[in-house]
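Q: One file: model.txt (compact mmCIF, C-alpha atoms).
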# COMPACT_ATOMS: atom_id res chain seq x y z
CA MET B 27 -15.50 -5.02 -65.38
CA SER B 28 -17.24 -8.19 -66.40
CA ILE B 29 -16.12 -11.46 -64.93
CA HIS B 30 -16.49 -14.72 -66.75
CA PRO B 31 -18.86 -17.03 -64.87
CA LYS B 32 -16.17 -19.70 -64.78
CA ASN B 33 -13.84 -17.25 -62.99
CA ASP B 34 -16.35 -15.96 -60.50
CA PRO B 35 -15.44 -17.66 -57.23
CA GLU B 36 -17.16 -17.35 -53.92
CA VAL B 37 -15.99 -14.49 -51.69
CA SER B 38 -14.53 -17.02 -49.23
CA MET B 39 -11.78 -17.71 -51.81
CA VAL B 40 -10.64 -14.10 -51.89
CA MET B 41 -11.52 -12.66 -48.47
CA MET B 42 -8.95 -11.86 -45.79
CA SER B 43 -9.02 -14.03 -42.71
CA THR B 44 -9.97 -12.49 -39.36
CA LYS B 45 -6.32 -12.78 -38.32
CA SER B 46 -5.16 -10.41 -41.04
CA PHE B 47 -7.26 -7.28 -40.52
CA PRO B 48 -8.26 -5.23 -37.44
CA VAL B 49 -10.99 -6.74 -35.30
CA VAL B 50 -11.65 -5.35 -31.81
CA ASP B 51 -14.17 -6.06 -29.11
CA LYS B 52 -16.62 -3.33 -28.17
CA GLU B 53 -14.84 -2.47 -24.92
CA LYS B 54 -11.72 -1.24 -26.70
CA ILE B 55 -10.93 2.45 -26.75
CA ILE B 56 -10.25 4.57 -29.84
CA LYS B 57 -6.49 4.64 -29.14
CA GLU B 58 -6.21 0.84 -29.15
CA THR B 59 -8.34 0.66 -32.28
CA LEU B 60 -6.14 3.11 -34.17
CA GLU B 61 -3.02 1.19 -33.13
CA LYS B 62 -4.53 -1.98 -34.52
CA MET B 63 -5.39 -0.28 -37.82
CA SER B 64 -1.83 0.98 -38.08
CA PHE B 65 -0.45 -2.47 -37.29
CA PHE B 66 -2.42 -4.10 -40.11
CA LYS B 67 -2.07 -1.04 -42.40
CA ILE B 68 -5.79 -1.19 -43.13
CA GLY B 69 -8.19 1.71 -42.77
CA ILE B 70 -11.10 -0.22 -41.30
CA THR B 71 -11.82 -2.01 -38.06
CA CYS B 72 -14.63 -4.45 -37.40
CA ILE B 73 -16.12 -4.26 -33.91
CA VAL B 74 -17.51 -7.50 -32.51
CA ASP B 75 -19.28 -8.65 -29.35
CA ASN B 76 -18.07 -11.48 -27.12
CA LYS B 77 -19.71 -14.01 -29.47
CA ASN B 78 -17.76 -12.59 -32.39
CA GLN B 79 -20.92 -11.18 -33.94
CA LEU B 80 -20.34 -8.06 -36.00
CA LEU B 81 -21.61 -4.91 -34.26
CA GLY B 82 -20.24 -2.19 -36.47
CA LEU B 83 -17.31 -0.60 -38.26
CA ILE B 84 -14.99 2.30 -37.89
CA THR B 85 -12.93 3.58 -40.82
CA ASP B 86 -10.19 6.12 -41.54
CA GLY B 87 -12.93 8.34 -42.96
CA ASP B 88 -14.93 8.09 -39.75
CA ILE B 89 -11.83 9.14 -37.79
CA ARG B 90 -11.22 12.05 -40.17
CA ARG B 91 -14.79 13.31 -39.77
CA MET B 92 -14.53 12.81 -36.02
CA LEU B 93 -11.36 14.94 -35.84
CA LEU B 94 -13.06 17.73 -37.76
CA ASN B 95 -16.09 17.77 -35.50
CA ILE B 96 -14.95 16.79 -32.05
CA GLN B 97 -14.79 19.59 -29.44
CA LYS B 98 -12.62 17.95 -26.84
CA PRO B 99 -8.90 17.25 -26.33
CA LEU B 100 -7.40 14.50 -28.45
CA SER B 101 -6.39 12.68 -25.27
CA ALA B 102 -10.07 12.54 -24.26
CA LEU B 103 -11.09 11.25 -27.69
CA PHE B 104 -8.43 8.52 -27.47
CA MET B 105 -10.05 7.24 -24.25
CA GLU B 106 -13.56 6.87 -25.66
CA ASP B 107 -15.05 3.46 -26.30
CA VAL B 108 -14.91 2.49 -29.96
CA ASN B 109 -18.54 1.41 -29.83
CA ASP B 110 -19.56 5.01 -29.17
CA HIS B 111 -18.24 5.96 -32.60
CA MET B 112 -18.83 2.93 -34.80
CA THR B 113 -21.15 2.81 -37.78
CA LEU B 114 -23.94 0.39 -36.99
CA ASN B 115 -25.50 -2.06 -39.43
CA PRO B 116 -22.85 -1.89 -42.16
CA PHE B 117 -23.28 -3.60 -45.53
CA THR B 118 -22.15 -7.21 -45.26
CA ILE B 119 -21.80 -10.20 -47.51
CA TYR B 120 -21.65 -13.97 -47.00
CA PRO B 121 -18.72 -16.28 -47.74
CA GLU B 122 -20.90 -17.83 -50.46
CA THR B 123 -21.54 -14.48 -52.15
CA LYS B 124 -20.12 -14.42 -55.66
CA PHE B 125 -17.04 -12.28 -56.26
CA SER B 126 -18.81 -10.33 -59.05
CA GLU B 127 -21.72 -9.55 -56.77
CA ALA B 128 -19.38 -8.33 -54.03
CA ILE B 129 -17.44 -5.95 -56.26
CA SER B 130 -20.70 -4.67 -57.76
CA LEU B 131 -21.86 -3.81 -54.26
CA MET B 132 -18.51 -2.10 -53.56
CA GLU B 133 -18.85 -0.05 -56.73
CA GLN B 134 -22.47 0.79 -56.10
CA LYS B 135 -21.91 1.94 -52.51
CA LYS B 136 -18.49 3.51 -53.19
CA ILE B 137 -16.82 1.52 -50.42
CA TRP B 138 -13.51 -0.33 -50.20
CA ASP B 139 -14.42 -3.04 -47.74
CA LEU B 140 -17.20 -5.47 -47.03
CA PRO B 141 -17.22 -7.51 -43.82
CA VAL B 142 -18.02 -11.15 -44.44
CA VAL B 143 -20.40 -12.77 -41.96
CA ASP B 144 -21.98 -16.18 -41.61
CA LYS B 145 -25.70 -16.84 -41.20
CA ASN B 146 -25.42 -16.07 -37.46
CA HIS B 147 -23.82 -12.72 -38.24
CA LYS B 148 -20.46 -13.92 -36.93
CA LEU B 149 -17.53 -12.18 -38.55
CA VAL B 150 -15.58 -14.63 -40.73
CA GLY B 151 -13.53 -12.36 -42.96
CA LEU B 152 -13.14 -9.12 -44.85
CA PHE B 153 -13.59 -8.56 -48.55
CA HIS B 154 -11.00 -5.85 -49.12
CA LEU B 155 -10.41 -3.85 -52.29
CA HIS B 156 -6.73 -4.67 -52.79
CA PRO B 157 -6.96 -8.47 -52.74
CA ALA B 158 -9.97 -8.09 -55.04
CA ILE B 159 -7.90 -6.04 -57.51
CA GLU B 160 -5.09 -8.56 -57.26
CA PHE B 161 -7.55 -11.33 -58.10
CA LEU B 162 -8.88 -9.40 -61.08
CA ILE B 163 -5.37 -8.76 -62.43
CA LYS B 164 -4.32 -12.38 -62.11
CA THR B 165 -7.52 -13.95 -63.34
CA PRO B 166 -7.82 -15.02 -67.05
CA LYS B 167 -9.69 -12.47 -69.12
CA SER B 168 -11.30 -14.70 -71.77
CA GLU B 169 -12.72 -18.13 -72.44
CA LYS B 170 -9.59 -18.86 -74.43
CA GLU B 171 -7.34 -18.08 -71.49
CA ILE B 172 -9.49 -20.19 -69.20
CA ILE B 173 -9.24 -23.19 -71.50
CA ARG B 174 -5.48 -22.83 -71.70
CA MET K 13 -23.62 3.33 -26.73
CA LYS K 14 -25.32 3.96 -23.39
CA LYS K 15 -23.43 2.66 -20.37
CA THR K 16 -25.18 0.69 -17.68
CA ASN K 17 -25.35 2.77 -14.53
CA LYS K 18 -23.85 0.68 -11.79
CA ILE K 19 -24.97 0.74 -8.19
CA ILE K 20 -22.37 -0.18 -5.60
CA SER K 21 -23.18 -1.64 -2.18
CA ILE K 22 -20.96 -0.68 0.74
CA GLY K 23 -21.36 -2.99 3.72
CA TYR K 24 -20.88 -6.67 4.50
CA GLY K 25 -21.85 -9.02 7.30
CA LYS K 26 -24.14 -7.48 9.84
CA ILE K 27 -23.82 -4.01 8.32
CA LYS K 28 -26.77 -3.13 6.13
CA PRO K 29 -25.27 -2.13 2.78
CA VAL K 30 -25.28 1.51 1.82
CA LYS K 31 -26.10 1.79 -1.87
CA VAL K 32 -24.49 4.44 -4.05
CA GLY K 33 -25.61 5.13 -7.60
CA LYS K 34 -27.66 7.05 -10.05
CA LYS K 35 -31.12 8.16 -8.90
CA LEU K 36 -30.40 7.00 -5.35
CA PRO K 37 -30.29 9.33 -2.34
CA LEU K 38 -27.01 11.08 -1.54
CA VAL K 39 -24.45 9.12 0.50
CA PHE K 40 -21.96 10.84 2.81
CA ILE K 41 -18.43 9.55 3.40
CA GLY K 42 -16.74 11.31 6.26
CA GLY K 43 -14.67 11.34 9.38
CA PRO K 44 -11.34 12.62 10.64
CA CYS K 45 -8.49 12.47 8.13
CA ALA K 46 -6.37 10.30 10.41
CA ILE K 47 -7.27 7.92 13.21
CA GLU K 48 -5.74 9.87 16.11
CA ASN K 49 -6.66 7.49 18.89
CA TYR K 50 -9.52 5.21 19.97
CA ASP K 51 -11.44 7.80 22.00
CA HIS K 52 -11.26 10.52 19.37
CA ASN K 53 -12.34 8.18 16.62
CA MET K 54 -15.35 6.98 18.62
CA TYR K 55 -16.23 10.54 19.56
CA MET K 56 -16.15 11.68 15.93
CA ALA K 57 -18.21 8.70 14.75
CA GLU K 58 -20.82 9.39 17.42
CA LYS K 59 -21.10 13.07 16.54
CA ILE K 60 -21.29 12.50 12.78
CA LYS K 61 -23.85 9.73 13.30
CA ILE K 62 -26.12 12.11 15.21
CA VAL K 63 -26.10 14.57 12.29
CA CYS K 64 -26.58 11.90 9.62
CA ASP K 65 -29.38 10.18 11.54
CA GLU K 66 -31.17 13.46 11.96
CA LEU K 67 -30.94 14.11 8.21
CA LYS K 68 -31.77 10.45 7.37
CA LEU K 69 -28.53 10.45 5.42
CA LYS K 70 -26.81 7.12 4.75
CA TRP K 71 -23.10 7.39 5.45
CA VAL K 72 -19.75 5.64 5.63
CA PHE K 73 -17.23 6.45 8.35
CA LYS K 74 -13.80 7.36 6.99
CA SER K 75 -10.50 7.54 8.78
CA CYS K 76 -7.02 6.33 7.93
CA TYR K 77 -4.46 4.37 9.94
CA ASP K 78 -1.51 5.57 7.88
CA LYS K 79 -0.85 8.96 6.31
CA ASP K 80 1.85 8.20 3.81
CA CYS K 81 1.79 11.38 1.75
CA ARG K 82 2.44 13.98 4.41
CA SER K 83 4.61 16.91 3.34
CA SER K 84 7.09 16.71 6.21
CA PRO K 85 9.00 13.78 7.73
CA ASP K 86 8.00 15.20 11.13
CA SER K 87 4.25 15.13 10.45
CA PHE K 88 2.01 12.58 12.18
CA HIS K 89 2.16 9.37 10.16
CA GLY K 90 -0.74 7.53 11.75
CA VAL K 91 -1.41 4.91 14.40
CA GLY K 92 -0.34 2.06 12.13
CA LEU K 93 -2.14 -0.82 10.43
CA GLU K 94 -2.83 -3.10 13.37
CA GLU K 95 -3.94 -0.47 15.85
CA GLY K 96 -5.85 1.46 13.19
CA LEU K 97 -7.84 -1.51 11.98
CA LYS K 98 -8.73 -2.48 15.56
CA ILE K 99 -10.13 1.03 16.10
CA LEU K 100 -12.02 0.94 12.81
CA GLN K 101 -13.45 -2.47 13.70
CA SER K 102 -14.67 -1.11 17.05
CA THR K 103 -16.16 1.95 15.36
CA ARG K 104 -17.95 -0.29 12.87
CA ASP K 105 -19.26 -2.63 15.54
CA THR K 106 -20.29 0.07 18.01
CA PHE K 107 -22.17 2.32 15.62
CA ASN K 108 -23.24 -0.29 13.07
CA ILE K 109 -21.88 1.74 10.18
CA PRO K 110 -19.70 0.81 7.21
CA VAL K 111 -16.11 2.07 7.40
CA VAL K 112 -13.44 2.99 4.88
CA SER K 113 -9.71 3.54 5.08
CA ASP K 114 -7.15 4.04 2.37
CA PHE K 115 -3.94 2.07 2.06
CA SER K 116 -0.66 3.11 0.48
CA GLU K 117 1.19 -0.19 0.43
CA ALA K 118 -0.05 -3.14 -1.60
CA LYS K 119 0.81 -5.55 1.21
CA ASP K 120 -1.75 -3.87 3.52
CA ALA K 121 -4.71 -4.33 1.20
CA ALA K 122 -5.89 -7.75 2.39
CA ALA K 123 -5.92 -6.70 6.04
CA VAL K 124 -7.76 -3.48 5.22
CA GLY K 125 -10.32 -5.44 3.19
CA GLU K 126 -10.86 -7.84 6.10
CA VAL K 127 -12.21 -4.98 8.22
CA CYS K 128 -13.32 -2.18 5.91
CA ASP K 129 -16.52 -2.20 3.89
CA LEU K 130 -14.94 0.07 1.27
CA VAL K 131 -11.24 0.25 0.43
CA GLN K 132 -9.80 3.55 -0.70
CA ILE K 133 -6.98 4.29 -3.10
CA PRO K 134 -5.18 7.58 -2.44
CA ALA K 135 -5.25 10.09 -5.27
CA TYR K 136 -1.47 10.12 -5.63
CA LEU K 137 -1.53 6.34 -6.16
CA CYS K 138 -4.58 6.14 -8.41
CA ARG K 139 -2.69 4.63 -11.34
CA GLN K 140 -0.37 2.25 -9.45
CA THR K 141 -1.14 -1.20 -10.84
CA SER K 142 0.00 -3.11 -7.76
CA ILE K 143 -2.23 -0.99 -5.50
CA LEU K 144 -5.22 -1.33 -7.85
CA ARG K 145 -4.69 -5.08 -8.15
CA GLU K 146 -4.57 -5.64 -4.41
CA ALA K 147 -7.59 -3.38 -3.89
CA ALA K 148 -9.55 -5.44 -6.40
CA PHE K 149 -8.46 -8.69 -4.76
CA THR K 150 -10.00 -7.64 -1.43
CA GLY K 151 -13.43 -8.19 -3.02
CA ARG K 152 -14.67 -4.97 -1.43
CA PRO K 153 -15.94 -2.00 -3.44
CA VAL K 154 -13.10 0.37 -4.27
CA HIS K 155 -13.10 4.12 -3.65
CA LEU K 156 -10.79 5.45 -6.33
CA LYS K 157 -9.78 9.06 -5.97
CA LYS K 158 -8.80 10.95 -9.08
CA GLY K 159 -5.18 12.04 -8.96
CA GLN K 160 -4.63 15.79 -8.88
CA PHE K 161 -2.44 15.27 -11.96
CA MET K 162 -4.95 13.16 -13.88
CA SER K 163 -7.45 14.11 -16.53
CA PRO K 164 -10.91 12.72 -15.80
CA TRP K 165 -10.99 10.72 -19.04
CA ASN K 166 -7.67 9.04 -18.22
CA MET K 167 -9.20 7.70 -14.98
CA LYS K 168 -10.81 5.12 -17.25
CA ASN K 169 -7.38 3.46 -17.47
CA SER K 170 -7.39 2.91 -13.71
CA VAL K 171 -10.98 1.68 -13.85
CA ARG K 172 -10.04 -0.78 -16.58
CA LYS K 173 -7.15 -2.02 -14.46
CA LEU K 174 -9.52 -2.64 -11.54
CA GLU K 175 -11.96 -4.43 -13.85
CA SER K 176 -9.17 -6.55 -15.29
CA PHE K 177 -8.46 -7.74 -11.71
CA GLY K 178 -12.11 -8.63 -11.15
CA CYS K 179 -13.42 -5.50 -9.44
CA ASN K 180 -16.74 -4.21 -10.75
CA ASP K 181 -17.69 -1.95 -7.85
CA VAL K 182 -15.94 1.38 -8.08
CA LEU K 183 -16.68 4.84 -6.72
CA LEU K 184 -14.79 7.61 -8.53
CA THR K 185 -14.01 10.81 -6.66
CA GLU K 186 -12.99 14.29 -7.75
CA ARG K 187 -10.68 16.02 -5.30
CA GLY K 188 -9.23 18.97 -7.20
CA THR K 189 -6.72 19.29 -10.00
CA PHE K 190 -3.24 20.80 -9.90
CA PHE K 191 -3.07 24.30 -11.30
CA GLY K 192 0.58 25.21 -11.40
CA TYR K 193 2.36 24.82 -8.07
CA ASN K 194 0.72 24.66 -4.61
CA MET K 195 -2.71 25.23 -6.07
CA LEU K 196 -5.74 23.17 -6.99
CA VAL K 197 -8.71 24.10 -9.13
CA ASN K 198 -12.08 22.43 -9.27
CA ASP K 199 -13.13 21.34 -12.73
CA PHE K 200 -16.64 20.08 -12.25
CA THR K 201 -16.86 18.71 -15.77
CA SER K 202 -14.74 15.85 -14.43
CA LEU K 203 -17.83 14.49 -12.64
CA PRO K 204 -20.00 13.78 -15.71
CA ILE K 205 -16.89 12.67 -17.60
CA MET K 206 -15.99 10.10 -14.93
CA ALA K 207 -19.66 9.09 -14.71
CA GLN K 208 -19.39 7.98 -18.34
CA THR K 209 -17.58 4.91 -17.02
CA GLY K 210 -20.98 3.86 -15.64
CA TYR K 211 -19.75 3.97 -12.04
CA PRO K 212 -21.09 6.37 -9.39
CA VAL K 213 -19.15 9.56 -8.70
CA CYS K 214 -18.34 11.46 -5.54
CA TYR K 215 -17.07 14.93 -4.72
CA ASP K 216 -14.43 15.43 -2.04
CA ALA K 217 -15.14 18.93 -0.77
CA THR K 218 -12.36 19.17 1.80
CA HIS K 219 -9.35 18.04 -0.25
CA SER K 220 -10.57 20.11 -3.19
CA ILE K 221 -9.89 23.32 -1.27
CA GLN K 222 -6.37 22.21 -0.35
CA LEU K 223 -3.34 24.30 -1.32
CA PRO K 224 -0.83 21.47 -1.55
CA THR K 225 2.31 22.08 0.51
CA SER K 226 1.66 25.80 0.20
CA MET K 227 2.93 26.41 3.74
CA GLY K 228 6.37 24.94 3.19
CA SER K 229 6.20 21.76 5.19
CA ILE K 230 2.41 21.44 5.34
CA SER K 231 -0.56 22.04 3.06
CA GLY K 232 -2.84 25.02 3.36
CA GLY K 233 -6.48 25.23 2.47
CA GLN K 234 -9.35 27.59 1.79
CA ARG K 235 -12.14 26.15 3.91
CA GLU K 236 -14.40 29.11 3.27
CA PHE K 237 -15.18 27.66 -0.16
CA ILE K 238 -16.44 24.29 1.09
CA PRO K 239 -20.15 25.23 1.30
CA SER K 240 -20.37 26.73 -2.18
CA LEU K 241 -18.35 23.91 -3.74
CA VAL K 242 -20.64 21.35 -2.10
CA ARG K 243 -23.67 23.10 -3.57
CA ALA K 244 -22.02 23.18 -7.00
CA ALA K 245 -21.23 19.46 -6.79
CA MET K 246 -24.86 18.67 -5.95
CA GLY K 247 -25.87 20.55 -9.09
CA MET K 248 -23.51 18.35 -11.11
CA GLY K 249 -25.40 15.28 -9.98
CA VAL K 250 -22.88 13.52 -7.76
CA ASN K 251 -23.93 10.32 -6.04
CA ALA K 252 -21.85 10.78 -2.91
CA LEU K 253 -20.16 13.55 -0.93
CA PHE K 254 -16.85 13.12 0.87
CA MET K 255 -15.64 15.45 3.61
CA GLU K 256 -13.07 15.12 6.35
CA VAL K 257 -14.40 16.41 9.63
CA HIS K 258 -12.74 17.30 12.93
CA ASP K 259 -14.03 18.69 16.20
CA ASN K 260 -10.97 20.90 16.58
CA PRO K 261 -9.34 21.48 13.17
CA SER K 262 -6.44 23.55 14.47
CA LYS K 263 -5.40 20.57 16.62
CA ALA K 264 -6.07 17.93 13.96
CA LEU K 265 -3.06 15.67 13.51
CA SER K 266 -3.56 15.57 9.75
CA ASP K 267 -4.90 18.07 7.20
CA SER K 268 -5.62 20.67 9.85
CA ASN K 269 -6.02 23.39 7.22
CA THR K 270 -8.59 21.55 5.15
CA VAL K 271 -10.76 19.44 7.49
CA LEU K 272 -14.22 20.81 8.11
CA ASP K 273 -15.03 21.93 11.61
CA LEU K 274 -17.65 19.59 13.04
CA LYS K 275 -19.79 22.56 14.03
CA TYR K 276 -20.52 23.27 10.34
CA LEU K 277 -21.30 19.69 9.37
CA LYS K 278 -25.06 19.82 9.85
CA LEU K 279 -25.39 23.11 8.01
CA ILE K 280 -23.52 21.83 4.97
CA LEU K 281 -25.03 18.36 4.90
CA SER K 282 -28.54 19.77 5.26
CA GLN K 283 -28.04 21.85 2.13
CA ALA K 284 -26.39 18.97 0.32
CA VAL K 285 -29.26 16.60 1.06
CA GLU K 286 -31.89 19.10 -0.07
CA MET K 287 -30.02 20.05 -3.21
CA HIS K 288 -29.36 16.44 -4.13
CA SER K 289 -32.99 15.59 -3.66
CA LYS K 290 -33.95 18.57 -5.82
CA PHE K 291 -31.51 17.40 -8.49
CA LEU K 292 -33.20 13.99 -8.61
CA GLU K 293 -36.58 15.69 -8.78
CA LEU K 294 -35.45 17.78 -11.76
CA ILE K 295 -34.14 14.74 -13.60
CA ASN K 296 -37.41 12.93 -12.98
CA LYS K 297 -39.41 15.92 -14.14
CA PHE K 298 -37.39 17.01 -17.18
CA GLY K 299 -35.49 13.85 -18.10
CA GLU K 300 -31.79 13.15 -18.51
CA ASP K 301 -29.41 15.74 -19.96
CA ASN K 302 -29.38 15.25 -23.68
CA VAL K 303 -27.24 18.01 -25.13
CA HIS K 304 -24.68 16.86 -27.69
CA THR K 305 -21.84 18.56 -29.56
CA SER K 306 -23.40 18.09 -32.95
Produce C-alpha cells that represent the structure in this file.

A:
Amino acid sequence: MSIHPKNDPEVSMVMMSTKSFPVVDKEKIIKETLEKMSFFKIGITCIVDNKNQLLGLITDGDIRRMLLNIQKPLSALFMEDVNDHMTLNPFTIYPETKFSEAISLMEQKKIWDLPVVDKNHKLVGLFHLHPAIEFLIKTPKSEKEIIR
Amino acid sequence: MKKTNKIISIGYGKIKPVKVGKKLPLVFIGGPCAIENYDHNMYMAEKIKIVCDELKLKWVFKSCYDKDCRSSPDSFHGVGLEEGLKILQSTRDTFNIPVVSDFSEAKDAAAVGEVCDLVQIPAYLCRQTSILREAAFTGRPVHLKKGQFMSPWNMKNSVRKLESFGCNDVLLTERGTFFGYNMLVNDFTSLPIMAQTGYPVCYDATHSIQLPTSMGSISGGQREFIPSLVRAAMGMGVNALFMEVHDNPSKALSDSNTVLDLKYLKLILSQAVEMHSKFLELINKFGEDNVHTS
C-alpha cells in the first residue's frame, strides 16, 4: 500500500507507549512474562535492562516453539528467566522513522511488531500492527482527500 | 544467559571466612542434630575438628538449639534459644570455627544472626516469607534447605524472596524429596537445577536417608546408604556436604536413626574430599558440561 508523502508521519505519532504493551526486566521469569502478555493482550514482550535499554524480545511464536521442543515439566519452564529464552538483537526502528518505512520493514520481515528505541537504544515504544492498520484505514487515500 | 557463579563467605569477626562456591574446595557442614548440652557439644566439635584438620577440610559446626519439627510431643525439643546460643558461642570461640543453627520462629532470627556465621532455614519452612525475611535481615549468609515437598526449580521463588529482602549470599541444599508417605528419594538432578540460580549447592547426606515418621512417633532412616549417596553427590559437583554426626547415635536426642556415627566420619569425608578434588580436576581438564536439549 502506498502512502502519500503528506500522510506519512513519524513512527512516534503511531507507536504505542511503553505503558501500553508488555515490558519486563531481564530478571523476570517466564510465568510473569506470560501474565503480562495476557494482561495487555499482546503477543510480544520487550525485555530491558535496568537502564531501560532493549535487550531482546519474546513472542507468542517463541513460546509455541518452546513448548514443542522443551523436555522438562511446564512448572520448570515457568520458573526460567525470560532472558534465557529471548531473541537477541531484534529489528528496531527510531521514533523519527517514517511510517511507510516501518510498515515496509514489517512486510519485508513478516513481523507484526517493531520495538522503537532512541539513539541510546532505550525502549520508547512499540510499533504494533493493529494501530498501524487503524492509521491506514483512517488516513485520507488521495491528494483530494488531503486537501479537503 | 549465563549466571554469575556466586561465592559465599561464612565467618565474621575473628573467624576466618570459609568460602563456598564453584571451583573451590569442598566445605563440610556438620555436627550433632541438636545441642544436647555444653559438654557434648564441645566434645563433638573437638572430634569433628580433628578429622577436618587432618583432611585439611574447611568446615562449619552445625547444631540446633530448638527442634521444632519433631514427630512426637514427647521428643526432645532442644535446650532453648538463650542456652543454645551461649553454647554455640563457646564452641565458636574455643575452636575458632564458624557455626550454624537453624531457627523456626521469625522472632529468633536476630539473636541467631548475632552469634551464628550462617543462619539456616529448615526445609519445612523454606517458603515461609516471614522466616526468609528475618533470615535476610540478619545480614549473615543463609543456608536454605530445599523442602521435601518442593521441586528444585521452585526453590528459585524462595531465593528471590531472600534477594528481595537484601540477601545475596545463599547456600541451597538438597535433603531428599517425598515419595509417597514416610519415604524420601534422592533426585540428584536437583543439584544442577538449583545451581542455575548462581548460588552454591550442598548435599545433606544424613537427612536424605530419612524415612519421615516411618516409626510412628519418630523418623527412621537408612544410614547404610550414606557413603554411596555422598559419592554420588560429589559426582554431581556439589560445593558443600552436610551431615549430622553423633558419637552414640542410638542415644542421640534428635534424629537418632539418621545421624552418622562419628566413627565413620573420617572414612566418608576422606572419600568426599578426594572425589570432589577429582571432580574439579575433570572440569579443569575437559571444561564445563555443555550438553543441551536441542

Q: For Val197 of chain K, work out the shell of residues within 10 Å, counting only C-alpha atoms and skipping chain neighbours fewer than 5 positions away, then give it as JSON, numbers by chain.

A: {"K": [160, 187, 188, 189, 190, 191, 192, 220, 221, 222, 223]}

Q: Using all atoms listed in the file, which chain K residues lie at most 12 Å away from chain B, written as a ChimeraX atom specification?

A: /K:13-15,162-172,175-176,201-202,205-206,208-209,304-306

Q: For the selection just defined, write its residues with C-alpha atoms to a file, as a CSV table (one decimal), in the frame of the given file.

A:
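The resulting file, part02.csv, is reproduced below:
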chain,number,residue,atom,x,y,z
K,13,MET,CA,-23.6,3.3,-26.7
K,14,LYS,CA,-25.3,4.0,-23.4
K,15,LYS,CA,-23.4,2.7,-20.4
K,162,MET,CA,-5.0,13.2,-13.9
K,163,SER,CA,-7.4,14.1,-16.5
K,164,PRO,CA,-10.9,12.7,-15.8
K,165,TRP,CA,-11.0,10.7,-19.0
K,166,ASN,CA,-7.7,9.0,-18.2
K,167,MET,CA,-9.2,7.7,-15.0
K,168,LYS,CA,-10.8,5.1,-17.2
K,169,ASN,CA,-7.4,3.5,-17.5
K,170,SER,CA,-7.4,2.9,-13.7
K,171,VAL,CA,-11.0,1.7,-13.8
K,172,ARG,CA,-10.0,-0.8,-16.6
K,175,GLU,CA,-12.0,-4.4,-13.8
K,176,SER,CA,-9.2,-6.6,-15.3
K,201,THR,CA,-16.9,18.7,-15.8
K,202,SER,CA,-14.7,15.8,-14.4
K,205,ILE,CA,-16.9,12.7,-17.6
K,206,MET,CA,-16.0,10.1,-14.9
K,208,GLN,CA,-19.4,8.0,-18.3
K,209,THR,CA,-17.6,4.9,-17.0
K,304,HIS,CA,-24.7,16.9,-27.7
K,305,THR,CA,-21.8,18.6,-29.6
K,306,SER,CA,-23.4,18.1,-33.0

Q: Closest to Cys214 of chain K among K:Ile133, K:Cys45, K:Val39, K:Leu279, using all atoms listed in the file?

A: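 Of the candidates, the smallest distance to Cys214 of chain K is held by K:Val39.
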
Q: Applying 10 Å and all atoms listed in the file, which residues near segment 120-123 of chain K remain after dropping the ones on its own chain fewer than 2 positions away? List them as a list in words.

A: Leu93, Glu94, Leu97, Asp114, Phe115, Ser116, Glu117, Ala118, Gly125, Glu126, Val127, Cys128, Val131, Gln132, Ile133, Ile143, Leu144, Arg145, Glu146, Ala147, Ala148, Phe149, Thr150, Gly151 and Arg152 of chain K

Q: Report, in Å to a single decimal, how far apart atom CA of Val91 of chain K and atom CA of Pro224 of chain K are.

A: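 Going from atom CA of Pro224 of chain K over to atom CA of Val91 of chain K covers 23.0 Å.
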
Q: Report, in Å to a single decimal, how far apart atom CA of Gly249 of chain K and atom CA of Tyr211 of chain K are.

A: 12.8 Å
